[in-house]
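This is target.cif (mmCIF, N, CA and C atoms).
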data_input
#
loop_
_atom_site.label_atom_id
_atom_site.label_comp_id
_atom_site.auth_asym_id
_atom_site.auth_seq_id
_atom_site.Cartn_x
_atom_site.Cartn_y
_atom_site.Cartn_z
N MET A 1 0.86 -1.16 0.00
CA MET A 1 0.00 0.00 0.00
C MET A 1 0.90 1.23 0.00
N ARG A 2 0.63 2.12 -0.94
CA ARG A 2 1.48 3.29 -1.08
C ARG A 2 0.63 4.53 -1.33
N PRO A 3 1.18 5.70 -1.05
CA PRO A 3 0.46 6.93 -1.40
C PRO A 3 0.36 7.08 -2.92
N LEU A 4 -0.62 7.80 -3.38
CA LEU A 4 -0.78 8.04 -4.81
C LEU A 4 0.28 9.02 -5.29
N SER A 5 0.73 8.84 -6.52
CA SER A 5 1.66 9.79 -7.11
C SER A 5 0.89 11.08 -7.43
N GLU A 6 1.62 12.10 -7.78
CA GLU A 6 0.98 13.39 -8.09
C GLU A 6 0.03 13.26 -9.28
N GLU A 7 0.46 12.53 -10.29
CA GLU A 7 -0.38 12.34 -11.48
C GLU A 7 -1.63 11.51 -11.15
N GLU A 8 -1.47 10.46 -10.35
CA GLU A 8 -2.61 9.63 -9.96
C GLU A 8 -3.60 10.42 -9.11
N THR A 9 -3.08 11.24 -8.21
CA THR A 9 -3.94 12.06 -7.35
C THR A 9 -4.74 13.05 -8.19
N ARG A 10 -4.09 13.69 -9.14
CA ARG A 10 -4.77 14.66 -10.00
C ARG A 10 -5.88 13.99 -10.80
N GLU A 11 -5.57 12.84 -11.39
CA GLU A 11 -6.57 12.13 -12.19
C GLU A 11 -7.76 11.69 -11.34
N MET A 12 -7.49 11.18 -10.14
CA MET A 12 -8.56 10.73 -9.26
C MET A 12 -9.43 11.90 -8.80
N PHE A 13 -8.81 12.99 -8.38
CA PHE A 13 -9.57 14.15 -7.90
C PHE A 13 -10.41 14.77 -9.02
N GLU A 14 -9.89 14.80 -10.24
CA GLU A 14 -10.68 15.33 -11.36
C GLU A 14 -11.94 14.49 -11.58
N LYS A 15 -11.79 13.19 -11.48
CA LYS A 15 -12.93 12.30 -11.70
C LYS A 15 -13.95 12.42 -10.56
N ILE A 16 -13.48 12.44 -9.32
CA ILE A 16 -14.38 12.54 -8.18
C ILE A 16 -15.06 13.91 -8.15
N ALA A 17 -14.36 14.95 -8.58
CA ALA A 17 -14.93 16.30 -8.59
C ALA A 17 -16.12 16.41 -9.52
N LYS A 18 -16.21 15.55 -10.54
CA LYS A 18 -17.38 15.55 -11.42
C LYS A 18 -18.64 15.17 -10.66
N TYR A 19 -18.47 14.37 -9.60
CA TYR A 19 -19.62 13.90 -8.83
C TYR A 19 -19.94 14.77 -7.63
N ILE A 20 -18.91 15.24 -6.91
CA ILE A 20 -19.19 15.98 -5.69
C ILE A 20 -18.73 17.43 -5.74
N GLY A 21 -18.13 17.85 -6.81
CA GLY A 21 -17.78 19.26 -7.01
C GLY A 21 -16.82 19.80 -5.98
N GLU A 22 -17.13 20.99 -5.46
CA GLU A 22 -16.26 21.67 -4.52
C GLU A 22 -16.21 20.98 -3.16
N ASN A 23 -17.12 20.08 -2.91
CA ASN A 23 -17.14 19.37 -1.63
C ASN A 23 -16.03 18.33 -1.53
N LEU A 24 -15.21 18.24 -2.52
CA LEU A 24 -14.08 17.31 -2.51
C LEU A 24 -13.16 17.59 -1.33
N GLN A 25 -13.01 18.84 -0.97
CA GLN A 25 -12.14 19.21 0.14
C GLN A 25 -12.63 18.59 1.45
N LEU A 26 -13.95 18.38 1.59
CA LEU A 26 -14.50 17.80 2.80
C LEU A 26 -14.12 16.33 2.98
N LEU A 27 -13.74 15.66 1.91
CA LEU A 27 -13.28 14.27 2.03
C LEU A 27 -11.93 14.18 2.74
N VAL A 28 -11.07 15.14 2.47
CA VAL A 28 -9.73 15.10 3.03
C VAL A 28 -9.68 15.78 4.40
N ASP A 29 -10.29 16.95 4.53
CA ASP A 29 -10.28 17.70 5.79
C ASP A 29 -11.56 17.44 6.56
N ARG A 30 -11.58 16.34 7.30
CA ARG A 30 -12.77 15.98 8.06
C ARG A 30 -12.58 16.35 9.52
N PRO A 31 -13.66 16.72 10.21
CA PRO A 31 -13.52 17.10 11.62
C PRO A 31 -13.25 15.90 12.54
N ASP A 32 -13.56 14.69 12.08
CA ASP A 32 -13.40 13.52 12.94
C ASP A 32 -12.06 12.81 12.75
N GLY A 33 -11.12 13.44 12.08
CA GLY A 33 -9.79 12.85 11.90
C GLY A 33 -9.24 13.12 10.51
N THR A 34 -8.02 12.67 10.29
CA THR A 34 -7.36 12.86 9.01
C THR A 34 -7.54 11.59 8.17
N TYR A 35 -8.00 11.78 6.95
CA TYR A 35 -8.20 10.67 6.02
C TYR A 35 -7.33 10.88 4.80
N CYS A 36 -6.96 9.78 4.17
CA CYS A 36 -6.11 9.88 2.98
C CYS A 36 -6.48 8.77 2.00
N PHE A 37 -5.93 8.88 0.81
CA PHE A 37 -6.15 7.89 -0.24
C PHE A 37 -4.87 7.08 -0.41
N ARG A 38 -5.01 5.76 -0.50
CA ARG A 38 -3.86 4.88 -0.67
C ARG A 38 -4.14 3.89 -1.79
N LEU A 39 -3.09 3.56 -2.53
CA LEU A 39 -3.18 2.63 -3.65
C LEU A 39 -2.63 1.28 -3.21
N HIS A 40 -3.43 0.23 -3.41
CA HIS A 40 -3.00 -1.14 -3.10
C HIS A 40 -3.29 -1.98 -4.33
N ASN A 41 -2.26 -2.34 -5.08
CA ASN A 41 -2.38 -2.95 -6.41
C ASN A 41 -3.06 -1.93 -7.32
N ASP A 42 -4.28 -2.16 -7.77
CA ASP A 42 -4.97 -1.17 -8.61
C ASP A 42 -6.04 -0.38 -7.85
N PRO A 43 -6.72 -0.95 -6.86
CA PRO A 43 -7.75 -0.20 -6.14
C PRO A 43 -7.19 0.95 -5.31
N VAL A 44 -7.98 2.01 -5.18
CA VAL A 44 -7.65 3.16 -4.35
C VAL A 44 -8.58 3.13 -3.15
N TYR A 45 -7.99 3.16 -1.95
CA TYR A 45 -8.75 3.08 -0.72
C TYR A 45 -8.74 4.42 0.00
N TYR A 46 -9.86 4.74 0.62
CA TYR A 46 -10.04 5.94 1.43
C TYR A 46 -9.99 5.47 2.88
N VAL A 47 -8.97 5.88 3.61
CA VAL A 47 -8.73 5.30 4.93
C VAL A 47 -8.28 6.36 5.93
N SER A 48 -8.66 6.14 7.17
CA SER A 48 -8.23 7.00 8.27
C SER A 48 -6.74 6.79 8.52
N GLU A 49 -6.03 7.84 8.85
CA GLU A 49 -4.60 7.70 9.12
C GLU A 49 -4.35 6.87 10.37
N MET A 50 -5.29 6.88 11.32
CA MET A 50 -5.15 6.07 12.52
C MET A 50 -5.16 4.58 12.15
N ILE A 51 -6.09 4.18 11.29
CA ILE A 51 -6.17 2.79 10.86
C ILE A 51 -4.97 2.44 9.98
N LEU A 52 -4.51 3.40 9.21
CA LEU A 52 -3.34 3.18 8.35
C LEU A 52 -2.11 2.86 9.18
N LYS A 53 -1.94 3.54 10.30
CA LYS A 53 -0.80 3.27 11.17
C LYS A 53 -0.91 1.89 11.80
N LEU A 54 -2.12 1.48 12.16
CA LEU A 54 -2.31 0.15 12.73
C LEU A 54 -2.04 -0.95 11.71
N ALA A 55 -2.37 -0.69 10.45
CA ALA A 55 -2.19 -1.68 9.39
C ALA A 55 -0.75 -1.78 8.93
N ALA A 56 0.10 -0.90 9.39
CA ALA A 56 1.51 -0.93 8.98
C ALA A 56 2.20 -2.21 9.46
N ASN A 57 1.63 -2.88 10.46
CA ASN A 57 2.21 -4.11 10.98
C ASN A 57 1.87 -5.33 10.14
N ILE A 58 0.98 -5.18 9.16
CA ILE A 58 0.55 -6.29 8.32
C ILE A 58 1.32 -6.22 7.01
N SER A 59 1.85 -7.36 6.59
CA SER A 59 2.61 -7.36 5.33
C SER A 59 1.67 -7.14 4.15
N GLY A 60 2.19 -6.56 3.09
CA GLY A 60 1.39 -6.19 1.92
C GLY A 60 0.73 -7.36 1.23
N ASP A 61 1.39 -8.54 1.20
CA ASP A 61 0.79 -9.68 0.53
C ASP A 61 -0.32 -10.32 1.35
N LYS A 62 -0.38 -10.06 2.64
CA LYS A 62 -1.45 -10.61 3.49
C LYS A 62 -2.63 -9.64 3.63
N LEU A 63 -2.40 -8.38 3.28
CA LEU A 63 -3.45 -7.36 3.39
C LEU A 63 -4.40 -7.47 2.21
N ILE A 64 -5.67 -7.69 2.50
CA ILE A 64 -6.66 -7.83 1.43
C ILE A 64 -7.27 -6.48 1.09
N SER A 65 -7.71 -5.76 2.09
CA SER A 65 -8.37 -4.49 1.87
C SER A 65 -8.21 -3.63 3.11
N LEU A 66 -8.35 -2.33 2.93
CA LEU A 66 -8.20 -1.41 4.06
C LEU A 66 -9.03 -0.17 3.77
N GLY A 67 -9.97 0.15 4.62
CA GLY A 67 -10.80 1.33 4.41
C GLY A 67 -11.88 1.09 3.37
N THR A 68 -12.29 2.13 2.70
CA THR A 68 -13.34 2.07 1.69
C THR A 68 -12.72 2.17 0.31
N CYS A 69 -13.05 1.23 -0.54
CA CYS A 69 -12.53 1.26 -1.91
C CYS A 69 -13.28 2.35 -2.68
N PHE A 70 -12.53 3.33 -3.19
CA PHE A 70 -13.14 4.46 -3.89
C PHE A 70 -13.17 4.25 -5.39
N GLY A 71 -12.31 3.40 -5.88
CA GLY A 71 -12.24 3.14 -7.31
C GLY A 71 -10.95 2.42 -7.62
N LYS A 72 -10.62 2.36 -8.91
CA LYS A 72 -9.38 1.70 -9.29
C LYS A 72 -8.82 2.33 -10.55
N PHE A 73 -7.54 2.11 -10.74
CA PHE A 73 -6.88 2.54 -11.95
C PHE A 73 -6.86 1.38 -12.94
N THR A 74 -7.23 1.66 -14.17
CA THR A 74 -7.25 0.64 -15.21
C THR A 74 -5.84 0.42 -15.73
N LYS A 75 -5.70 -0.52 -16.64
CA LYS A 75 -4.37 -0.79 -17.22
C LYS A 75 -3.86 0.38 -18.04
N THR A 76 -4.78 1.22 -18.53
CA THR A 76 -4.39 2.41 -19.29
C THR A 76 -4.21 3.62 -18.37
N HIS A 77 -4.19 3.39 -17.06
CA HIS A 77 -3.97 4.41 -16.03
C HIS A 77 -5.07 5.46 -15.96
N LYS A 78 -6.30 5.05 -16.25
CA LYS A 78 -7.45 5.92 -16.07
C LYS A 78 -8.17 5.49 -14.80
N PHE A 79 -8.75 6.45 -14.10
CA PHE A 79 -9.41 6.14 -12.82
C PHE A 79 -10.89 5.86 -13.05
N GLN A 80 -11.37 4.78 -12.48
CA GLN A 80 -12.80 4.44 -12.52
C GLN A 80 -13.34 4.50 -11.11
N VAL A 81 -14.39 5.29 -10.90
CA VAL A 81 -15.02 5.37 -9.60
C VAL A 81 -15.83 4.10 -9.39
N ALA A 82 -15.68 3.51 -8.21
CA ALA A 82 -16.42 2.29 -7.90
C ALA A 82 -17.87 2.61 -7.61
N ARG A 83 -18.76 1.76 -8.05
CA ARG A 83 -20.19 1.98 -7.83
C ARG A 83 -20.53 1.98 -6.36
N TYR A 84 -19.91 1.11 -5.61
CA TYR A 84 -20.23 0.97 -4.20
C TYR A 84 -19.62 2.08 -3.34
N SER A 85 -18.79 2.92 -3.90
CA SER A 85 -18.23 4.03 -3.13
C SER A 85 -19.18 5.23 -3.13
N SER A 86 -20.24 5.18 -3.91
CA SER A 86 -21.13 6.34 -4.03
C SER A 86 -21.92 6.61 -2.76
N ARG A 87 -22.03 5.63 -1.86
CA ARG A 87 -22.77 5.86 -0.62
C ARG A 87 -22.00 6.72 0.35
N LEU A 88 -20.67 6.66 0.31
CA LEU A 88 -19.87 7.41 1.26
C LEU A 88 -20.05 8.92 1.14
N PRO A 89 -19.84 9.53 -0.03
CA PRO A 89 -19.95 10.98 -0.10
C PRO A 89 -21.33 11.47 -0.54
N CYS A 90 -22.39 10.68 -0.33
CA CYS A 90 -23.71 11.09 -0.85
C CYS A 90 -24.18 12.38 -0.20
N THR A 91 -23.74 12.68 1.02
CA THR A 91 -24.12 13.95 1.63
C THR A 91 -23.36 15.11 1.01
N LEU A 92 -22.31 14.83 0.23
CA LEU A 92 -21.50 15.86 -0.38
C LEU A 92 -21.88 16.14 -1.82
N CYS A 93 -22.72 15.28 -2.40
CA CYS A 93 -23.03 15.37 -3.83
C CYS A 93 -23.79 16.64 -4.17
N GLU A 94 -23.51 17.15 -5.35
CA GLU A 94 -24.24 18.31 -5.84
C GLU A 94 -25.51 17.84 -6.51
N VAL A 95 -26.58 18.57 -6.27
CA VAL A 95 -27.87 18.21 -6.86
C VAL A 95 -28.15 19.05 -8.07
#
Represent the structure contained in this file as structure tokens.
Amino acid sequence: MRPLSEEETREMFEKIAKYIGENLQLLVDRPDGTYCFRLHNDPVYYVSEMILKLAANISGDKLISLGTCFGKFTKTHKFQVARYSSRLPCTLCEV
């Protein structure tokens, strides 16, 4: 599990911004803690930094999933938003 590169972060935020607009900032700056996006193989996970620190003791090949899967990068390096991630930011969506 690794942080997203600058290019991956830009591509992901552009795609998510189509759905939630300016409320994208609320995903990262939350009052209940610090959250971040991490890449594990192809899926991108949205996870609390507290849980991320606890998961550091687990080896990468034994780790199946961590946090909420927000989407994945395809083989052509395009980001696809996961259908099941739409419930998380539904309060942030623009109508």
List the residues sitting within 8 Å of (-3.7, -4.3, -10.2) in the file's frame, using all atoms listed in the file, as an NGL selection string.
:A and (40-43 or 73-75)
Please dump the current selection as a CSV table (one decimal), in the coordinates of the input; keep N, CA and C atoms.
chain,number,residue,atom,x,y,z
A,40,HIS,N,-3.4,0.2,-3.4
A,40,HIS,CA,-3.0,-1.1,-3.1
A,40,HIS,C,-3.3,-2.0,-4.3
A,41,ASN,N,-2.3,-2.3,-5.1
A,41,ASN,CA,-2.4,-3.0,-6.4
A,41,ASN,C,-3.1,-1.9,-7.3
A,42,ASP,N,-4.3,-2.2,-7.8
A,42,ASP,CA,-5.0,-1.2,-8.6
A,42,ASP,C,-6.0,-0.4,-7.8
A,43,PRO,N,-6.7,-1.0,-6.9
A,43,PRO,CA,-7.8,-0.2,-6.1
A,43,PRO,C,-7.2,1.0,-5.3
A,73,PHE,N,-7.5,2.1,-10.7
A,73,PHE,CA,-6.9,2.5,-12.0
A,73,PHE,C,-6.9,1.4,-12.9
A,74,THR,N,-7.2,1.7,-14.2
A,74,THR,CA,-7.2,0.6,-15.2
A,74,THR,C,-5.8,0.4,-15.7
A,75,LYS,N,-5.7,-0.5,-16.6
A,75,LYS,CA,-4.4,-0.8,-17.2
A,75,LYS,C,-3.9,0.4,-18.0
Check what the PyMOL selection byres ((chain A and resi 44) around 5) selects in the file above and give those residues as a PyMOL selection string.
chain A and resi 38-39+42-43+45-46+69-72
Let's see if you can do this: from backbone DSSP, list all helix (DSSP H, G or I) residues in chain A, as a ChimeraX atom specification.
/A:6-28,49-57,83-87
Step by step, gather every atom of stretch 34-52 of chain A that the file lists, find the box along x, y and z that holds them, add 8 Å on each side, and finally give centre and edge lengths in Å to one decimal, as AutoDock Vina command-line options.
--center_x -6.1 --center_y 5.0 --center_z 2.0 --size_x 23.9 --size_y 31.8 --size_z 37.1
For each of A:Asn23, A:Phe37, A:Ala17, A:Asp61, take the minimum atom-to-atom distance to A:Leu4, counting all atoms listed in the file, then give the residue where this is smallest.
A:Phe37
Tell me, in Å to one decimal, how far atom CA of A:Thr34 is from atom N of A:Met50.
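So the answer is 6.7 Å.
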Distance in Å - atom C of A:Cys36 versus atom N of A:Ser48
6.2 Å
Please return, as a PyMOL selection string, all polymer residues that have at least one atom within 6.5 Å of the point (-5.1, 10.7, -13.3); use all atoms listed in the file and the file's own coordinate frame.
chain A and resi 7-12+77-79
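Atom pair atom N of A:Phe13 / atom CA of A:Pro31: separated by 21.0 Å.
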Proximity to A:Gly67 - best of A:Val47, A:Ile16, A:Leu52, A:Val81, all atoms listed in the file:
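Of A:Val47, A:Ile16, A:Leu52, A:Val81, the one nearest A:Gly67, counting all atoms listed in the file, is A:Val47.
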Using backbone DSSP assignments, extract all strand (DSSP E or B) residues from chain A; output them as a PyMOL selection string.
chain A and resi 2-3+29-30+33-39+43-48+68-73+79-81
